[in-house]
Amino acid sequence: MDLSTIIGIGAAFGLMLMAILQGGPLSIFINAPSLIIVCGGTFGNTLVHYPFKDVFDAINVAKKTLLHKEVPINDLIEQLMEFAHKARKEGILALQGAMESVDDDFLKKAMQMAVDGQEPATIRSMLSTEIEYIEMRHGKGANIFVSIAAYAPAMGMVGTLIGLVQMLQTMDDPAAIGPAMAVALLTTFYGAVIANIFCQPMAGKLKNRSESEVLTKTLIIEGMQAILSGENPRIMEQKLHAFIAPKLRESTFNK
Amino acid sequence: MDLSTIIGIGAAFGLMLMAILQGGPLSIFINAPSLIIVCGGTFGNTLVHYPFKDVFDAINVAKKTLLHKEVPINDLIEQLMEFAHKARKEGILALQGAMESVDDDFLKKAMQMAVDGQEPATIRSMLSTEIEYIEMRHGKGANIFVSIAAYAPAMGMVGTLIGLVQMLQTMDDPAAIGPAMAVALLTTFYGAVIANIFCQPMAGKLKNRSESEVLTKTLIIEGMQAILSGENPRIMEQKLHAFIAPKLRESTFNK
Amino acid sequence: MDLSTIIGIGAAFGLMLMAILQGGPLSIFINAPSLIIVCGGTFGNTLVHYPFKDVFDAINVAKKTLLHKEVPINDLIEQLMEFAHKARKEGILALQGAMESVDDDFLKKAMQMAVDGQEPATIRSMLSTEIEYIEMRHGKGANIFVSIAAYAPAMGMVGTLIGLVQMLQTMDDPAAIGPAMAVALLTTFYGAVIANIFCQPMAGKLKNRSESEVLTKTLIIEGMQAILSGENPRIMEQKLHAFIAPKLRESTFNK
Amino acid sequence: MDLSTIIGIGAAFGLMLMAILQGGPLSIFINAPSLIIVCGGTFGNTLVHYPFKDVFDAINVAKKTLLHKEVPINDLIEQLMEFAHKARKEGILALQGAMESVDDDFLKKAMQMAVDGQEPATIRSMLSTEIEYIEMRHGKGANIFVSIAAYAPAMGMVGTLIGLVQMLQTMDDPAAIGPAMAVALLTTFYGAVIANIFCQPMAGKLKNRSESEVLTKTLIIEGMQAILSGENPRIMEQKLHAFIAPKLRESTFNK
Amino acid sequence: MDLSTIIGIGAAFGLMLMAILQGGPLSIFINAPSLIIVCGGTFGNTLVHYPFKDVFDAINVAKKTLLHKEVPINDLIEQLMEFAHKARKEGILALQGAMESVDDDFLKKAMQMAVDGQEPATIRSMLSTEIEYIEMRHGKGANIFVSIAAYAPAMGMVGTLIGLVQMLQTMDDPAAIGPAMAVALLTTFYGAVIANIFCQPMAGKLKNRSESEVLTKTLIIEGMQAILSGENPRIMEQKLHAFIAPKLRESTFNK
């Protein structure tokens with residue numbers, strides 16, 4: 001369970017609620033037509049922009065993100081080093097047995113291809129294509145949140161303009177101007193909250209996740225190439241360490 | 001018929017209308033000079049920016065988008081696998097017969113070139129050029145909507161400035177200030193609606209369509225290359241599956 | 001004469017004028033100091049940003065754009081096919097005679113180089129360099145309009161701030177506030193009109209023209225390469241058709 | 001200790017404080033709920049966007065930046081020239097001894113790889129990978145500050161909207177309107193200060209640091225390549241001087 | 001002396017001053033605390049973002065820009081053609097004598113390398129590296145002005161917020177509201193002037209200068225390559241002419 005996301009959303013919404021309640025009742029911030037115009041309009045725009053399927057995929061991805069647990073990259077390097085030792089001692093086919101302990105589907109596929117005797121160049125090109133299109137699909141997931149973060153404030157502005165026009169056309173009672181304008185501002189408020197306290201950070205998180213997943217997968221490709229070419233394990237480890245920060249590099253040879 | 005677009009536009013406009021009607025009559029949101037300055041001005045700007053032909057092309061593309069039905073990418077992969085089996089058994093020329101059942105013009109062209117005996121490298125380069133320029137034309141279609149989405153709010157602001165200057169110059173009757181300002185705001189409102197509830201999502205949809213069409217065409221190129229080089233069908237299927245999400249991959253070999 | 005540009009500018013300005021006149025006299029929208037600060041300031045900024053020569057070049061380019069008549073791309077393909085037939089029958093030198101009927105300087109240069117016996121690779125690289133720097137010069141022309149479209153609203157804001165500060169410092173007569181503010185808003189209005197009804201669409205038009213010119217020139221390079229390598233005319237036509245939309249492709253072989 | 005950063009932050013904050021105090025007491029600029037909504041909300045958004053670890057890393061990087069002392073690039077070139085002379089006279093293995101006087105971990109690693117007898121191409125590719133991923137990690141550090149600089153004004157706007165809605169709903173006492181609006185504006189003020197006087201310049205500084213570090217490391221790679229290929233020292237110096245401004249180039253041969 | 005820059009800055013500032021004086025005394029636009037908060041804050045931010053050295057370098061570069069006189073590109077092409085003729089007749093070493101009449105350091109360096117007998121490929125790669133890093137340093141110079149153009153309006157907004165909060169907290173005397181608000185707006189005015197009438201155009205000018213310098217240097221590299229390979233002078237001239245606009249091409253052979 002991804003604590004940082006939970007705490008972050010909780011903190012942002014909680015503190016906002018607290019600040020609201022300190023200044024007055026929450027009820028003045030709730031207005032059904034305003035909610036309908038912002039949420040409904042944003043949802044409508046999103047459906048025009050993206051097919052149903054992609055929108056539901058994005059929601060699923062967001063849910064998964066909250067439950068996701070990242071594998072430390074050092075463990076992956078260690079695992080690849082182990083496979084390298086095994087392959088050097090017992091031959092590439094020995095990886096067949098090791099595959100059962102592997103959880104990562106991408107690593108599994110890479111190993112299966114190696115065991116099947118495919119060319120290193122073929123493996124690299126096929127897995128690179130796969131990474132490229134994974135990035136593209138992830139990018140679309142993040143972009144849906146970016147789009148919502150653009151549509152929500154736009155619908156908020158449309159709503160505020162509607163409220164202002166109606167208020168200005170019927171300014172008979174000066175006492176009604178203030179509350180009418182407050183209601184008009186609510187759609188702008190909803191739009192800003194949807195965009196900034198939910199969608200923008202979520203889009204950012206999805207992009208970060210995608211980057212770290214691509215890094216992991218690139219490491220797997222490089223590792224498999226080194227294993228297949230029977231490279232010196234120390235050099236292979238140095239190569240894999242080049243991908244991560246110096247302070248994270250724990251050589252298995254110094255243990 | 002593309003339901004998601006219809007529902008999306010319907011929802012956004014419908015909910016906006018509902019919110020408007022709840023606050024007062026619709027008539028206060030209709031003002032002929034305001035409509036003329038925003039719609040006419042935006043149309044004028046668009047004609048300066050793009051030739052007649054491109055603007056009408058964009059409208060056609062938008063219409064087609066509403067009626068478009070996407071072919072599931074799995075069906076395409078299956079079809080390419082079938083052709084591969086056929087070509088391996090009966091030779092490349094057997095694709096001539098299979099061409100008749102093919103709807104996609106791009107796939108047809110690729111097959112015709114293969115049957116004509118052209119080099120795989122020539123086929124790849126010619127089809128890649130075609131994809132490149134298809135992307136460019138699609139990009140122009142989407143950009144027209146992006147441009148309109150920029151010109152409409154700009155004309156809205158120009159209209160509001162005109163209204164404000166006129167109102168401020170003749171502030172004799174305080175009771176007239178409110179309605180005059182309401183009218184001045186209408187152009188901003190029109191600009192925001194045109195840009196956000198129609199053009200932006202439409203531009204986004206066209207970009208998405210273009211991406212998925214390019215993906216389909218790239219798959220066709222890769223598939224034809226594999227067929228021409230007589231590649232092992234299992235490897236070919238793996239290669240094509242690299243383009244799509246793991247959960248969509250249905251191997252024809254496991255059936 | 002480019003009708004679409006003339007109609008576009010006419011429509012945008014005409015409708016704006018019409019909307020203005022319907023609400024009051026045009027005179028309240030004319031204010032000499034406001035015009036001076038926006039137009040003069042924008043011109044000054046542009047002269048700092050670009051050398052004299054480039055600014056006058058941009059004005060010339062804009063004028064040419066209004067008078068420009070595009071050659072249909074199909075005619076160019078047909079012409080290249082003709083040259084290919086001629087070169088296959090009578091040899092490359094036969095292009096010398098054909099050159100006289102050619103208007104396009106770029107095509108003429110390409111043919112001259114071919115007749116002079118230069119290597120296909122040299123021709124391609126030299127013409128590609130030329131295209132690259134044509135794009136750069138065109139880009140600069142469009143960028144001048146983009147810059148003006150950024151400076152004009154900025155100067156408009158500066159002018160409005162000056163007007164507001166002067167008005168706020170001398171608020172003795174409440175009746176004078178409205179008109180003073182109206183005048184202050186005029187500079188913002190001028191800036192918005194210059195940027196949105198003239199410069200932005202013009203910059204867009206120049207970019208489009210540049211793109212279509214580059215497409216034409218790229219076609220010429222590909223065509224000359226095919227002619228020099230004595231490629232099969234049908235394949236050459238297919239190659240050139242890859243650059244244009246399927247519905248525009250008219251084969252000379254089906255006639 | 002990086003004086004320019006200290007003076008810069010001091011100047012910006014100090015002058016702002018001075019300007020505030022000249023106009024009235026500081027106390028009217030301090031409001032607990034406003035601070036909570038801007039700082040807390042921004043922190044919450046940042047935690048959703050980035051994992052805990054990355055946020056703390058960014059703070060560490062920022063601290064290091066204040067204490068960082070850049071090595072003059074000329075000293076590095078001189079050092080590399082020295083190693084080149086040594087390697088030409090006594091052989092590559094002589095670098096083993098020289099390594100002890102080297103502080104830079106990256107240069108040390110490059111030298112170790114050379115002494116270990118690895119191929120120049122392998123060294124270049126491994127160190128280039130390392131630079132690529134260093135840039136990526138630095139970019140993330142700078143991006144955290146860029147994100148905060150986007151979230152803070154957004155939360156400021158949310159806070160101001162809350163304040164305005166509450167004020168407009170309860171406009172009984174005209175005398176209370178001014179102070180209520182002043183408080184509503186405070187969140188916008190906090191957001192602007194956090195974004196512009198702290199985060200934006202800090203993000204810029206981190207990007208500059210990253211660029212100069214990448215330049216240094218690229219120089220090291222080029223230098224090691226020249227040393228390994230036993231290149232003429234004068235040519236090697238010319239090559240390294242190509243990376244720096246002409247006026248900084250001090251040839252060791254003219255001394 | 002670069003007239004266009006002087007005239008441009010003079011026109012923009014002069015016309016602004018004229019417009020100000022027509023509406024009232026200049027004194028109401030001068031306010032010490034406002035100037036301190038905008039200029040000082042912007043300077044502080046810039047020092048955090050860039051090291052001292054870079055800021056002073058940028059000021060020097062800006063000064064040089066005002067005094068800079070561009071060499072017509074046709075003269076450079078003619079000079080290169082001359083060297084080509086000389087080298088073809090008397091051998092590459094004859095360039096040694098010609099070097100004395102050369103002002104451009106980059107051309108001198110290229111000629112020295114050719115005379116020293118270095119490989120064409122080495123010369124190209126070394127000079128290309130030099131161009132790449134010249135572009136990077138120029139880019140940094142322009143970016144400092146871009147950054148100032150972003151910080152100044154931001155500090156202007158901070159200053160205006162401070163003024164508004166102070167004004168709203170102490171609204172006892174209605175007559176004081178106007179002047180207080182005028183003063184609050186001054187910081188926004190200063191920020192807009194610094195950004196738009198000075199920094200943005202200056203950044204643009206530096207980018208243009210950099211582009212034309214890179215074009216000149218690229219021409220020199222291509223010219224030296226042609227000279228070293230003893231290319232036909234007519235073809236060499238054609239190659240160099242590809243970099244410039246057709247109407248600027250004056251062949252030395254037609255004279």
# chains A, B, ... in the order shown; residues from 1 in each chain; ligands from 1
$ interface_residues --of "chain C" --to "chain E" --cutoff "6 Å" --atoms "only C-alpha atoms" --output "PyMOL selection string"
chain C and resi 33+37+41+44-45+47-49+126+130+133+165+168-169
$ select_by_dssp --residues "stretch 117-199 of chain D" --states "alpha helix (DSSP H)" --output "MDAnalysis selection string"
chainID D and resid 120:169 174:193
$ residues_around --residues "stretch 71-75 of chain C" --least-positions-apart "5" --cutoff "8 Å" --atoms "only C-alpha atoms" --output "list in words"
Thr216, Leu248, Arg249 and Glu250 of chain C
$ write_last_selection --atoms "all heavy atoms" --output "mmCIF file, in the first residue's frame"
data_model
loop_
_atom_site.group_PDB
_atom_site.id
_atom_site.type_symbol
_atom_site.label_atom_id
_atom_site.label_comp_id
_atom_site.auth_asym_id
_atom_site.auth_seq_id
_atom_site.Cartn_x
_atom_site.Cartn_y
_atom_site.Cartn_z
ATOM 1 N N THR C 216 6.768 19.949 -51.069
ATOM 2 C CA THR C 216 7.022 20.009 -52.506
ATOM 3 C C THR C 216 8.489 19.736 -52.810
ATOM 4 O O THR C 216 8.827 18.925 -53.683
ATOM 5 C CB THR C 216 6.652 21.414 -53.044
ATOM 6 O OG1 THR C 216 5.318 21.706 -52.649
ATOM 7 C CG2 THR C 216 6.771 21.465 -54.539
ATOM 8 N N LEU C 248 -6.016 11.898 -53.181
ATOM 9 C CA LEU C 248 -5.411 12.806 -54.174
ATOM 10 C C LEU C 248 -4.589 12.056 -55.223
ATOM 11 O O LEU C 248 -4.154 12.624 -56.208
ATOM 12 C CB LEU C 248 -4.514 13.828 -53.486
ATOM 13 C CG LEU C 248 -5.180 14.832 -52.559
ATOM 14 C CD1 LEU C 248 -4.136 15.725 -51.919
ATOM 15 C CD2 LEU C 248 -6.195 15.678 -53.321
ATOM 16 N N ARG C 249 -4.351 10.768 -54.964
ATOM 17 C CA ARG C 249 -3.455 10.018 -55.847
ATOM 18 C C ARG C 249 -4.131 9.683 -57.171
ATOM 19 O O ARG C 249 -5.043 8.865 -57.227
ATOM 20 C CB ARG C 249 -3.019 8.728 -55.158
ATOM 21 C CG ARG C 249 -2.170 8.989 -53.950
ATOM 22 C CD ARG C 249 -1.880 7.728 -53.175
ATOM 23 N NE ARG C 249 -1.377 8.094 -51.853
ATOM 24 C CZ ARG C 249 -1.244 7.257 -50.841
ATOM 25 N NH1 ARG C 249 -1.575 5.991 -51.004
ATOM 26 N NH2 ARG C 249 -0.789 7.678 -49.690
ATOM 27 N N GLU C 250 -3.672 10.307 -58.253
ATOM 28 C CA GLU C 250 -4.206 9.984 -59.577
ATOM 29 C C GLU C 250 -3.080 9.388 -60.396
ATOM 30 O O GLU C 250 -2.182 10.088 -60.844
ATOM 31 C CB GLU C 250 -4.713 11.253 -60.268
ATOM 32 C CG GLU C 250 -5.840 11.947 -59.529
ATOM 33 C CD GLU C 250 -6.074 13.335 -60.089
ATOM 34 O OE1 GLU C 250 -5.472 13.671 -61.130
ATOM 35 O OE2 GLU C 250 -6.845 14.090 -59.483
#
